[in-house]
>>> print(open('entry20.txt').read())   # compact mmCIF, C-alpha atoms
# COMPACT_ATOMS: atom_id res chain seq x y z
CA MET A 130 39.64 30.17 -30.23
CA VAL A 131 41.90 32.87 -28.76
CA ILE A 132 42.19 31.03 -25.45
CA TRP A 133 42.98 27.79 -27.27
CA GLU A 134 45.74 29.40 -29.35
CA ALA A 135 47.25 31.16 -26.35
CA GLU A 136 47.22 28.05 -24.16
CA LEU A 137 48.69 25.91 -26.92
CA ARG A 138 51.49 28.39 -27.59
CA ARG A 139 52.26 28.60 -23.89
CA ALA A 140 52.40 24.81 -23.57
CA LEU A 141 54.75 24.54 -26.53
CA LYS A 142 57.02 27.38 -25.38
CA SER A 143 57.22 26.02 -21.84
CA GLY A 144 58.85 22.83 -23.04
CA ARG A 145 56.12 20.70 -21.48
CA ALA A 146 55.30 19.16 -24.83
CA ILE A 147 58.90 17.98 -25.25
CA VAL A 148 59.00 16.54 -21.74
CA LEU A 149 55.66 14.79 -22.18
CA LEU A 150 56.69 13.46 -25.57
CA GLY A 151 59.90 12.15 -24.00
CA LEU A 152 58.05 10.41 -21.18
CA TYR A 153 55.44 8.92 -23.47
CA SER A 154 58.00 7.81 -26.05
CA MET A 155 60.33 6.25 -23.45
CA PHE A 156 57.48 4.28 -21.92
CA SER A 157 56.17 3.16 -25.32
CA ALA A 158 59.67 2.24 -26.50
CA LEU A 159 60.30 0.21 -23.34
CA VAL A 160 57.03 -1.67 -23.74
CA LEU A 161 57.68 -2.16 -27.45
CA LEU A 162 61.16 -3.58 -26.91
CA ILE A 163 60.04 -5.90 -24.11
CA VAL A 164 57.05 -7.21 -26.05
CA GLY A 165 59.14 -7.61 -29.21
CA PHE A 166 61.83 -9.51 -27.32
CA VAL A 167 59.34 -11.83 -25.62
CA THR A 168 57.54 -12.48 -28.92
CA ARG A 169 60.77 -13.36 -30.73
CA GLU A 170 61.93 -15.61 -27.89
CA LEU A 171 58.65 -17.52 -27.84
CA GLN A 172 58.76 -17.97 -31.59
CA SER A 173 62.38 -19.14 -31.42
CA GLN A 174 61.56 -21.69 -28.74
CA VAL A 175 58.61 -23.03 -30.74
CA ASN A 176 60.75 -23.30 -33.89
CA ALA A 177 63.53 -25.06 -31.94
CA LYS A 178 61.14 -27.65 -30.50
CA LEU A 179 59.62 -28.28 -33.89
CA ALA A 180 63.08 -28.71 -35.39
CA GLU A 181 64.03 -31.19 -32.69
CA SER A 182 60.92 -33.23 -33.39
CA GLY A 183 61.76 -33.31 -37.09
CA ALA A 184 58.79 -31.23 -38.23
CA ASP A 185 59.01 -29.63 -41.63
CA ALA A 186 58.66 -25.94 -42.54
CA GLU A 187 54.94 -26.27 -43.21
CA VAL A 188 54.28 -27.52 -39.69
CA ALA A 189 56.35 -24.67 -38.24
CA THR A 190 54.35 -22.18 -40.27
CA ARG A 191 51.06 -23.63 -39.08
CA ALA A 192 52.28 -23.56 -35.47
CA ALA A 193 53.23 -19.90 -35.83
CA GLU A 194 49.82 -19.11 -37.30
CA GLU A 195 48.05 -20.94 -34.47
CA MET A 196 50.06 -19.05 -31.89
CA HIS A 197 49.25 -15.78 -33.68
CA ARG A 198 45.53 -16.58 -33.73
CA GLY A 199 45.60 -17.52 -30.06
CA VAL A 200 47.19 -14.25 -28.98
CA LEU A 201 44.96 -12.30 -31.37
CA GLY A 202 41.86 -14.00 -29.97
CA PHE A 203 42.88 -13.04 -26.43
CA LEU A 204 43.50 -9.41 -27.41
CA ALA A 205 40.33 -9.17 -29.51
CA SER A 206 38.09 -10.92 -26.96
CA ASN A 207 37.63 -13.82 -29.41
CA ASP A 208 35.43 -11.64 -31.61
CA PRO A 209 35.62 -13.20 -35.12
CA ALA A 210 35.06 -9.87 -36.90
CA MET A 211 37.79 -8.12 -34.92
CA MET A 212 40.18 -11.03 -35.34
CA GLU A 213 39.69 -10.93 -39.08
CA ALA A 214 40.11 -7.16 -39.25
CA LEU A 215 43.29 -7.20 -37.13
CA ALA A 216 44.82 -10.34 -38.64
CA LYS A 217 47.36 -8.36 -40.67
CA VAL A 218 48.48 -6.21 -37.75
CA PRO A 219 51.64 -7.48 -35.99
CA ILE A 220 50.99 -8.82 -32.51
CA VAL A 221 53.58 -6.48 -31.05
CA VAL A 222 51.48 -3.48 -32.15
CA LEU A 223 48.32 -4.88 -30.57
CA VAL A 224 50.02 -5.68 -27.27
CA VAL A 225 51.66 -2.26 -27.05
CA PHE A 226 48.34 -0.61 -27.91
CA LYS A 227 46.55 -2.47 -25.12
CA ILE A 228 49.24 -1.65 -22.54
CA THR A 229 49.60 2.00 -23.46
CA LEU A 230 45.82 2.42 -23.49
CA PHE A 231 45.76 1.15 -19.90
CA PHE A 232 48.32 3.73 -18.74
CA LEU A 233 47.18 6.59 -21.00
CA PRO A 234 44.66 8.04 -18.48
CA ALA A 235 47.45 8.48 -15.94
CA TYR A 236 49.59 10.16 -18.58
CA ILE A 237 46.71 12.52 -19.41
CA ALA A 238 46.32 13.37 -15.73
CA LEU A 239 50.02 14.27 -15.52
CA MET A 240 49.71 16.36 -18.65
CA GLY A 241 46.82 18.58 -17.58
CA PHE A 242 46.26 18.37 -13.83
CA ASP A 243 47.04 22.09 -13.44
CA GLN A 244 45.24 23.43 -16.49
CA VAL A 245 42.57 25.14 -14.34
CA SER A 246 43.83 24.85 -10.75
CA GLY A 247 47.14 26.40 -11.85
CA GLU A 248 45.17 29.56 -12.68
CA VAL A 249 42.63 29.42 -9.84
CA GLY A 250 45.20 28.95 -7.06
CA PRO A 251 47.21 32.16 -7.68
CA ARG A 252 43.95 33.88 -8.75
CA SER A 253 45.25 34.72 -12.23
CA MET A 254 42.03 33.19 -13.59
CA ARG A 255 40.16 36.41 -12.75
CA TYR A 256 42.14 38.31 -15.39
CA LEU A 257 41.09 35.80 -18.04
CA THR A 258 37.42 35.83 -17.05
CA VAL A 259 37.32 39.63 -17.27
CA ARG A 260 38.00 39.39 -21.03
CA ALA A 261 36.30 36.08 -21.82
CA ARG A 262 33.42 33.99 -20.54
CA ARG A 263 34.25 31.22 -18.10
CA SER A 264 32.91 28.65 -20.54
CA SER A 265 35.29 29.97 -23.23
CA VAL A 266 38.25 29.77 -20.87
CA LEU A 267 37.38 26.23 -19.86
CA LEU A 268 36.78 25.06 -23.42
CA GLY A 269 39.99 26.71 -24.63
CA LYS A 270 42.07 24.95 -22.00
CA PHE A 271 40.39 21.64 -22.77
CA LEU A 272 40.97 22.00 -26.52
CA SER A 273 44.62 23.00 -26.05
CA GLN A 274 45.30 19.85 -24.05
CA ALA A 275 43.38 17.74 -26.57
CA THR A 276 45.33 19.24 -29.48
CA LEU A 277 48.63 18.62 -27.75
CA LEU A 278 47.69 15.02 -27.00
CA VAL A 279 46.53 14.40 -30.59
CA GLY A 280 49.95 15.42 -31.89
CA LEU A 281 51.88 13.43 -29.29
CA VAL A 282 49.85 10.27 -29.87
CA LEU A 283 50.29 10.55 -33.64
CA VAL A 284 54.08 10.80 -33.29
CA ILE A 285 54.27 7.78 -30.98
CA ASP A 286 51.86 5.65 -33.02
CA LEU A 287 53.79 6.44 -36.20
CA ALA A 288 57.04 5.33 -34.55
CA ILE A 289 55.44 2.09 -33.31
CA PHE A 290 54.07 1.20 -36.73
CA ILE A 291 57.36 2.00 -38.46
CA TYR A 292 59.16 -0.28 -36.00
CA ALA A 293 56.60 -3.01 -36.65
CA ARG A 294 57.12 -2.60 -40.39
CA ILE A 295 60.89 -2.96 -39.98
CA ILE A 296 60.70 -6.20 -37.99
CA ASN A 297 57.78 -7.63 -40.03
CA ALA A 298 58.55 -7.60 -43.74
CA ASP A 299 55.08 -8.97 -44.60
CA PHE A 300 53.37 -5.95 -43.00
CA ALA A 301 52.35 -4.12 -46.18
CA PHE A 302 52.56 -0.34 -46.44
CA ALA A 303 48.85 -0.02 -47.27
CA ASP A 304 47.94 -2.02 -44.14
CA LEU A 305 50.32 0.14 -42.12
CA VAL A 306 48.66 3.40 -43.17
CA LEU A 307 45.11 2.10 -42.76
CA ASN A 308 45.71 0.63 -39.30
CA LEU A 309 47.75 3.63 -38.18
CA LEU A 310 44.75 5.88 -38.82
CA LYS A 311 42.44 3.37 -37.16
CA PHE A 312 44.56 3.02 -34.01
CA TRP A 313 45.16 6.77 -33.84
CA CYS A 314 41.44 7.57 -34.06
CA ALA A 315 40.63 4.91 -31.45
CA THR A 316 43.17 6.42 -29.06
CA ILE A 317 41.80 9.92 -29.57
CA VAL A 318 38.21 8.82 -28.93
CA PHE A 319 39.36 7.00 -25.81
CA SER A 320 41.36 10.00 -24.59
CA LEU A 321 38.63 12.64 -24.86
CA ALA A 322 36.73 11.33 -21.83
CA TYR A 323 39.87 11.29 -19.70
CA ILE A 324 40.94 14.77 -20.81
CA SER A 325 37.50 15.97 -19.69
CA LEU A 326 37.93 14.11 -16.39
CA THR A 327 41.26 15.86 -15.86
CA THR A 328 39.59 19.21 -16.60
CA LEU A 329 36.91 18.43 -14.01
CA CYS A 330 39.44 17.42 -11.36
CA SER A 331 41.52 20.50 -12.07
CA SER A 332 38.43 22.69 -11.66
CA LEU A 333 37.46 21.24 -8.29
CA PHE A 334 40.53 22.34 -6.33
CA ARG A 335 42.76 25.38 -6.07
CA THR A 336 45.93 23.37 -5.50
CA PRO A 337 47.30 21.46 -8.53
CA ALA A 338 48.79 18.70 -6.35
CA VAL A 339 45.40 17.99 -4.79
CA SER A 340 43.83 17.91 -8.26
CA LEU A 341 46.40 15.35 -9.38
CA VAL A 342 45.87 13.09 -6.36
CA PHE A 343 42.09 13.26 -6.75
CA ASN A 344 42.41 12.52 -10.47
CA PHE A 345 44.49 9.41 -9.78
CA SER A 346 41.98 8.34 -7.13
CA LEU A 347 39.11 8.56 -9.62
CA LEU A 348 41.12 6.59 -12.19
CA PHE A 349 41.62 3.84 -9.63
CA VAL A 350 37.90 3.84 -8.77
CA PHE A 351 36.95 3.54 -12.45
CA TRP A 352 39.44 0.72 -12.95
CA LEU A 353 38.08 -1.07 -9.87
CA MET A 354 34.48 -0.71 -11.08
CA ASP A 355 35.40 -2.16 -14.47
CA SER A 356 37.41 -5.04 -12.99
CA VAL A 357 34.80 -6.01 -10.40
CA GLY A 358 31.96 -5.67 -12.92
CA ARG A 359 33.71 -8.03 -15.32
CA ALA A 360 34.72 -10.53 -12.61
CA VAL A 361 31.28 -11.22 -11.13
CA SER A 362 28.69 -13.49 -12.71
CA ASP A 363 26.09 -12.18 -15.13
CA GLU A 364 23.36 -12.79 -12.53
CA SER A 365 24.92 -10.42 -10.01
CA PRO A 366 23.66 -6.81 -9.98
CA VAL A 367 27.23 -5.72 -9.29
CA ARG A 368 28.00 -6.37 -12.97
CA PHE A 369 26.32 -3.07 -13.85
CA LEU A 370 29.24 -1.21 -12.26
CA ARG A 371 31.33 -1.84 -15.36
CA TYR A 372 28.96 0.26 -17.45
CA LEU A 373 29.82 3.29 -15.31
CA SER A 374 33.54 3.02 -16.11
CA PRO A 375 34.93 4.59 -19.31
CA SER A 376 37.53 1.86 -19.72
CA TYR A 377 34.81 -0.77 -20.22
CA TYR A 378 33.97 0.63 -23.66
CA SER A 379 37.52 0.47 -25.04
CA VAL A 380 37.07 -3.11 -26.31
CA ASN A 381 35.20 -2.15 -29.48
CA LEU A 382 37.18 0.93 -30.46
CA LEU A 383 38.91 -1.14 -33.15
CA HIS A 384 35.81 -3.05 -34.21
CA PRO A 385 35.29 -3.17 -38.00
CA ARG A 386 31.50 -2.91 -37.69
CA LEU A 387 30.34 0.69 -37.51
CA ALA A 388 27.53 -0.07 -35.05
CA GLU A 389 29.91 -1.58 -32.48
CA PHE A 390 32.38 1.28 -32.82
CA ALA A 391 29.56 3.86 -32.65
CA ILE A 392 28.37 2.50 -29.30
CA SER A 393 31.84 2.87 -27.80
CA GLY A 394 32.31 6.28 -29.41
CA ALA A 395 28.96 7.49 -28.10
CA ALA A 396 29.81 6.24 -24.61
CA TYR A 397 33.09 8.17 -24.56
CA ALA A 398 31.36 11.27 -25.95
CA ALA A 399 28.77 11.02 -23.16
CA PHE A 400 31.47 10.69 -20.49
CA ALA A 401 33.37 13.64 -21.98
CA ALA A 402 30.24 15.81 -22.05
CA ALA A 403 29.30 14.89 -18.47
CA PHE A 404 32.77 15.69 -17.12
CA LEU A 405 32.96 18.96 -19.06
CA PHE A 406 29.52 20.09 -17.89
CA GLY A 407 30.57 19.25 -14.34
CA ALA A 408 33.74 21.30 -14.72
CA TYR A 409 31.75 24.21 -16.11
CA GLY A 410 29.25 23.99 -13.23
CA VAL A 411 32.10 24.15 -10.71
CA LEU A 412 33.89 27.01 -12.48
CA ARG A 413 30.67 28.96 -12.94
CA THR A 414 29.84 29.00 -9.22
CA ARG A 415 33.41 29.37 -7.98
CA ASP A 416 34.65 32.63 -6.48
CA LEU A 417 37.69 33.50 -8.58
>>> encode(input="entry20.txt", output="structure tokens")
Amino acid sequence: MVIWEAELRRALKSGRAIVLLGLYSMFSALVLLIVGFVTRELQSQVNAKLAESGADAEVATRAAEEMHRGVLGFLASNDPAMMEALAKVPIVVLVVFKITLFFLPAYIALMGFDQVSGEVGPRSMRYLTVRARRSSVLLGKFLSQATLLVGLVLVIDLAIFIYARIINADFAFADLVLNLLKFWCATIVFSLAYISLTTLCSSLFRTPAVSLVFNFSLLFVFWLMDSVGRAVSDESPVRFLRYLSPSYYSVNLLHPRLAEFAISGAAYAAFAAAFLFGAYGVLRTRDL
């Protein structure tokens, strides 16, 4: 607890939280504006073509609903339960969520690549381990990064949903609050495994730059395993590679059925535990 409080205070005083919030918010805002612009342009073109063909307002409404269901089906993997649960969420929120979730592991790596190696390299870690166990130091650093990320994600998600409420008058306040909590929890569950991976990579090397490069390399390997595993046929044994990638389990993080969500949550908890135990094993045997 002491390590967690000290690390969190140091992160906040250093200004890193403000810089990270700025980077995350600028990226999310850029994606949000681009997706919103493209969505409005597509809708305008559809409405213009329907008007030219002499279609009435009811036909235009049905066309908009069909387009919404098509995009929603693509984003929800054509799962009827997920499509029904996310039907009231604006498409712009879903698209931004999918895109930011793809880049979030890289953002986490940038946020905490030096959490352990920054102490091991200059050998300041030895002063911490004199007063606290190595496991306590490692857990405190992990929890401080997780706490910081929880706050940053909440701020960004809140801004995204408020923007969606402004441009979509039919997005009710009750639906906004409910889905904000759902999306926020899904992002946190997703992030825990990658925070643990960053902790592991930071524990493996004394130089923060090397930790960062290795972290990015592992992220690329995981992405490649997921992509190749999904691309091959179901008869190929290569398909099992996707089960070894954390990103494979992100599909059901927004699933309304508890069993489906629990499987994804358990998978991310298992990845987080494995990475943390690996980091502890490295730190325990390392000469500080």
>>> residues_around(input="entry20.txt", residues="Leu370 in chain A", least_positions_apart="4", cutoff="10 Å", atoms="all atoms listed in the file", output="PyMOL selection string")
chain A and resi 351+353-359+366+374+377
>>> residues_around(input="entry20.txt", residues="Gly410 in chain A", least_positions_apart="4", cutoff="10 Å", atoms="only C-alpha atoms", output="PyMOL selection string")
chain A and resi 264+329+332-333+404-406+414-415
>>> write_last_selection(input="entry20.txt", atoms="C-alpha atoms", output="compact mmCIF listing (two decimals), in the frame of the given file")
# COMPACT_ATOMS: atom_id res chain seq x y z
CA SER A 264 32.91 28.65 -20.54
CA LEU A 329 36.91 18.43 -14.01
CA SER A 332 38.43 22.69 -11.66
CA LEU A 333 37.46 21.24 -8.29
CA PHE A 404 32.77 15.69 -17.12
CA LEU A 405 32.96 18.96 -19.06
CA PHE A 406 29.52 20.09 -17.89
CA THR A 414 29.84 29.00 -9.22
CA ARG A 415 33.41 29.37 -7.98
>>> closest_residue(input="entry20.txt", among="A:Ala238, A:Ile317, A:Leu201, A:Leu341", to="Ala214 in chain A", atoms="all atoms listed in the file")
A:Leu201
>>> atom_distance(input="entry20.txt", atom1="CA of Asp208 in chain A", atom2="CA of Pro385 in chain A")
10.6 Å
>>> atom_distance(input="entry20.txt", atom1="CA of Ile296 in chain A", atom2="CA of Val380 in chain A")
26.5 Å
>>> closest_residue(input="entry20.txt", among="A:Val339, A:Ala315, A:Ala401, A:Leu305", to="Ile289 in chain A", atoms="only C-alpha atoms")
A:Leu305
>>> atom_distance(input="entry20.txt", atom1="CA of Asp286 in chain A", atom2="CA of Phe312 in chain A")
7.8 Å
>>> closest_residue(input="entry20.txt", among="A:Phe242, A:Gly394, A:Asn297, A:Asn381", to="Phe334 in chain A", atoms="all atoms listed in the file")
A:Phe242
>>> closest_residue(input="entry20.txt", among="A:Ala301, A:Leu278, A:Leu272, A:Leu287", to="Glu134 in chain A", atoms="all atoms listed in the file")
A:Leu272
>>> closest_residue(input="entry20.txt", among="A:Phe400, A:Phe349, A:Phe369, A:Phe343", to="Ile324 in chain A", atoms="all atoms listed in the file")
A:Phe400
>>> residues_around(input="entry20.txt", residues="Leu310 in chain A", least_positions_apart="6", cutoff="12 Å", atoms="all atoms listed in the file", output="mmCIF file with C-alpha atoms, in the frame of the given file")
data_model
loop_
_atom_site.group_PDB
_atom_site.id
_atom_site.type_symbol
_atom_site.label_atom_id
_atom_site.label_comp_id
_atom_site.auth_asym_id
_atom_site.auth_seq_id
_atom_site.Cartn_x
_atom_site.Cartn_y
_atom_site.Cartn_z
ATOM 1 C CA VAL A 279 46.530 14.400 -30.590
ATOM 2 C CA VAL A 282 49.850 10.270 -29.870
ATOM 3 C CA LEU A 283 50.290 10.550 -33.640
ATOM 4 C CA VAL A 284 54.080 10.800 -33.290
ATOM 5 C CA ASP A 286 51.860 5.650 -33.020
ATOM 6 C CA LEU A 287 53.790 6.440 -36.200
ATOM 7 C CA PHE A 290 54.070 1.200 -36.730
ATOM 8 C CA ALA A 303 48.850 -0.020 -47.270
ATOM 9 C CA ASP A 304 47.940 -2.020 -44.140
ATOM 10 C CA THR A 316 43.170 6.420 -29.060
ATOM 11 C CA ILE A 317 41.800 9.920 -29.570
ATOM 12 C CA LEU A 383 38.910 -1.140 -33.150
#
>>> decode(input="entry20.txt", residues="range 269-366 of chain A", atoms="C-alpha atoms", output="mmCIF file, in the first residue's frame")
data_model
loop_
_atom_site.group_PDB
_atom_site.id
_atom_site.type_symbol
_atom_site.label_atom_id
_atom_site.label_comp_id
_atom_site.auth_asym_id
_atom_site.auth_seq_id
_atom_site.Cartn_x
_atom_site.Cartn_y
_atom_site.Cartn_z
ATOM 1 C CA GLY A 269 2.871 -1.470 -5.745
ATOM 2 C CA LYS A 270 4.262 -0.343 -9.086
ATOM 3 C CA PHE A 271 1.725 -2.455 -10.955
ATOM 4 C CA LEU A 272 -1.187 -1.076 -8.923
ATOM 5 C CA SER A 273 -0.022 2.532 -9.336
ATOM 6 C CA GLN A 274 0.008 2.159 -13.118
ATOM 7 C CA ALA A 275 -3.368 0.404 -13.048
ATOM 8 C CA THR A 276 -4.876 3.150 -10.887
ATOM 9 C CA LEU A 277 -3.548 5.854 -13.175
ATOM 10 C CA LEU A 278 -4.923 4.089 -16.241
ATOM 11 C CA VAL A 279 -8.340 3.571 -14.620
ATOM 12 C CA GLY A 280 -8.660 7.312 -14.064
ATOM 13 C CA LEU A 281 -7.425 8.252 -17.531
ATOM 14 C CA VAL A 282 -9.745 5.797 -19.274
ATOM 15 C CA LEU A 283 -12.734 7.028 -17.263
ATOM 16 C CA VAL A 284 -12.064 10.653 -18.272
ATOM 17 C CA ILE A 285 -11.735 9.768 -21.965
ATOM 18 C CA ASP A 286 -14.747 7.448 -22.022
ATOM 19 C CA LEU A 287 -16.868 10.090 -20.301
ATOM 20 C CA ALA A 288 -15.870 12.664 -22.934
ATOM 21 C CA ILE A 289 -16.676 10.239 -25.777
ATOM 22 C CA PHE A 290 -20.120 9.434 -24.406
ATOM 23 C CA ILE A 291 -20.926 13.093 -23.780
ATOM 24 C CA TYR A 292 -19.970 13.882 -27.381
ATOM 25 C CA ALA A 293 -22.157 11.011 -28.591
ATOM 26 C CA ARG A 294 -25.045 12.343 -26.508
ATOM 27 C CA ILE A 295 -24.648 15.809 -28.041
ATOM 28 C CA ILE A 296 -24.735 14.592 -31.646
ATOM 29 C CA ASN A 297 -27.407 11.916 -30.993
ATOM 30 C CA ALA A 298 -30.460 13.400 -29.313
ATOM 31 C CA ASP A 299 -32.136 9.974 -29.050
ATOM 32 C CA PHE A 300 -29.280 8.608 -26.917
ATOM 33 C CA ALA A 301 -31.034 8.624 -23.540
ATOM 34 C CA PHE A 302 -29.209 9.624 -20.364
ATOM 35 C CA ALA A 303 -29.967 6.287 -18.667
ATOM 36 C CA ASP A 304 -28.477 4.399 -21.633
ATOM 37 C CA LEU A 305 -25.461 6.706 -21.530
ATOM 38 C CA VAL A 306 -24.695 5.961 -17.876
ATOM 39 C CA LEU A 307 -25.282 2.219 -18.184
ATOM 40 C CA ASN A 308 -23.127 1.816 -21.292
ATOM 41 C CA LEU A 309 -20.435 4.139 -19.957
ATOM 42 C CA LEU A 310 -19.957 1.834 -16.967
ATOM 43 C CA LYS A 311 -20.062 -1.219 -19.226
ATOM 44 C CA PHE A 312 -17.472 0.119 -21.685
ATOM 45 C CA TRP A 313 -15.267 1.404 -18.866
ATOM 46 C CA CYS A 314 -15.263 -1.972 -17.079
ATOM 47 C CA ALA A 315 -14.557 -3.788 -20.354
ATOM 48 C CA THR A 316 -11.572 -1.530 -21.013
ATOM 49 C CA ILE A 317 -10.198 -2.059 -17.513
ATOM 50 C CA VAL A 318 -10.490 -5.847 -17.756
ATOM 51 C CA PHE A 319 -8.773 -5.723 -21.138
ATOM 52 C CA SER A 320 -6.000 -3.457 -19.834
ATOM 53 C CA LEU A 321 -4.988 -5.505 -16.793
ATOM 54 C CA ALA A 322 -3.269 -8.187 -18.871
ATOM 55 C CA TYR A 323 -1.294 -5.611 -20.844
ATOM 56 C CA ILE A 324 -0.282 -3.680 -17.718
ATOM 57 C CA SER A 325 1.078 -6.966 -16.359
ATOM 58 C CA LEU A 326 2.879 -7.580 -19.659
ATOM 59 C CA THR A 327 4.486 -4.146 -19.404
ATOM 60 C CA THR A 328 5.552 -4.939 -15.835
ATOM 61 C CA LEU A 329 7.133 -8.185 -17.043
ATOM 62 C CA CYS A 330 8.982 -6.483 -19.902
ATOM 63 C CA SER A 331 10.184 -3.737 -17.584
ATOM 64 C CA SER A 332 11.505 -6.356 -15.150
ATOM 65 C CA LEU A 333 13.487 -8.242 -17.776
ATOM 66 C CA PHE A 334 15.929 -5.478 -18.703
ATOM 67 C CA ARG A 335 17.931 -2.786 -16.946
ATOM 68 C CA THR A 336 17.528 -0.256 -19.753
ATOM 69 C CA PRO A 337 14.044 1.288 -20.164
ATOM 70 C CA ALA A 338 14.486 1.739 -23.928
ATOM 71 C CA VAL A 339 15.196 -1.967 -24.374
ATOM 72 C CA SER A 340 12.133 -2.796 -22.258
ATOM 73 C CA LEU A 341 9.984 -0.613 -24.499
ATOM 74 C CA VAL A 342 11.267 -2.171 -27.726
ATOM 75 C CA PHE A 343 10.795 -5.683 -26.355
ATOM 76 C CA ASN A 344 7.288 -4.781 -25.176
ATOM 77 C CA PHE A 345 6.328 -3.532 -28.641
ATOM 78 C CA SER A 346 7.813 -6.683 -30.162
ATOM 79 C CA LEU A 347 5.656 -8.896 -27.947
ATOM 80 C CA LEU A 348 2.564 -6.844 -28.809
ATOM 81 C CA PHE A 349 3.271 -7.418 -32.493
ATOM 82 C CA VAL A 350 3.752 -11.162 -31.911
ATOM 83 C CA PHE A 351 0.440 -11.394 -30.038
ATOM 84 C CA TRP A 352 -1.338 -9.457 -32.780
ATOM 85 C CA LEU A 353 0.198 -11.740 -35.424
ATOM 86 C CA MET A 354 -0.859 -14.873 -33.534
ATOM 87 C CA ASP A 355 -4.426 -13.604 -33.268
ATOM 88 C CA SER A 356 -4.600 -12.534 -36.923
ATOM 89 C CA VAL A 357 -3.116 -15.751 -38.308
ATOM 90 C CA GLY A 358 -5.237 -17.908 -35.990
ATOM 91 C CA ARG A 359 -8.410 -16.210 -37.191
ATOM 92 C CA ALA A 360 -7.414 -16.278 -40.877
ATOM 93 C CA VAL A 361 -6.760 -20.011 -41.250
ATOM 94 C CA SER A 362 -9.480 -22.628 -41.602
ATOM 95 C CA ASP A 363 -10.980 -24.386 -38.600
ATOM 96 C CA GLU A 364 -9.300 -27.640 -39.663
ATOM 97 C CA SER A 365 -5.806 -26.180 -39.416
ATOM 98 C CA PRO A 366 -3.919 -26.690 -36.130
#
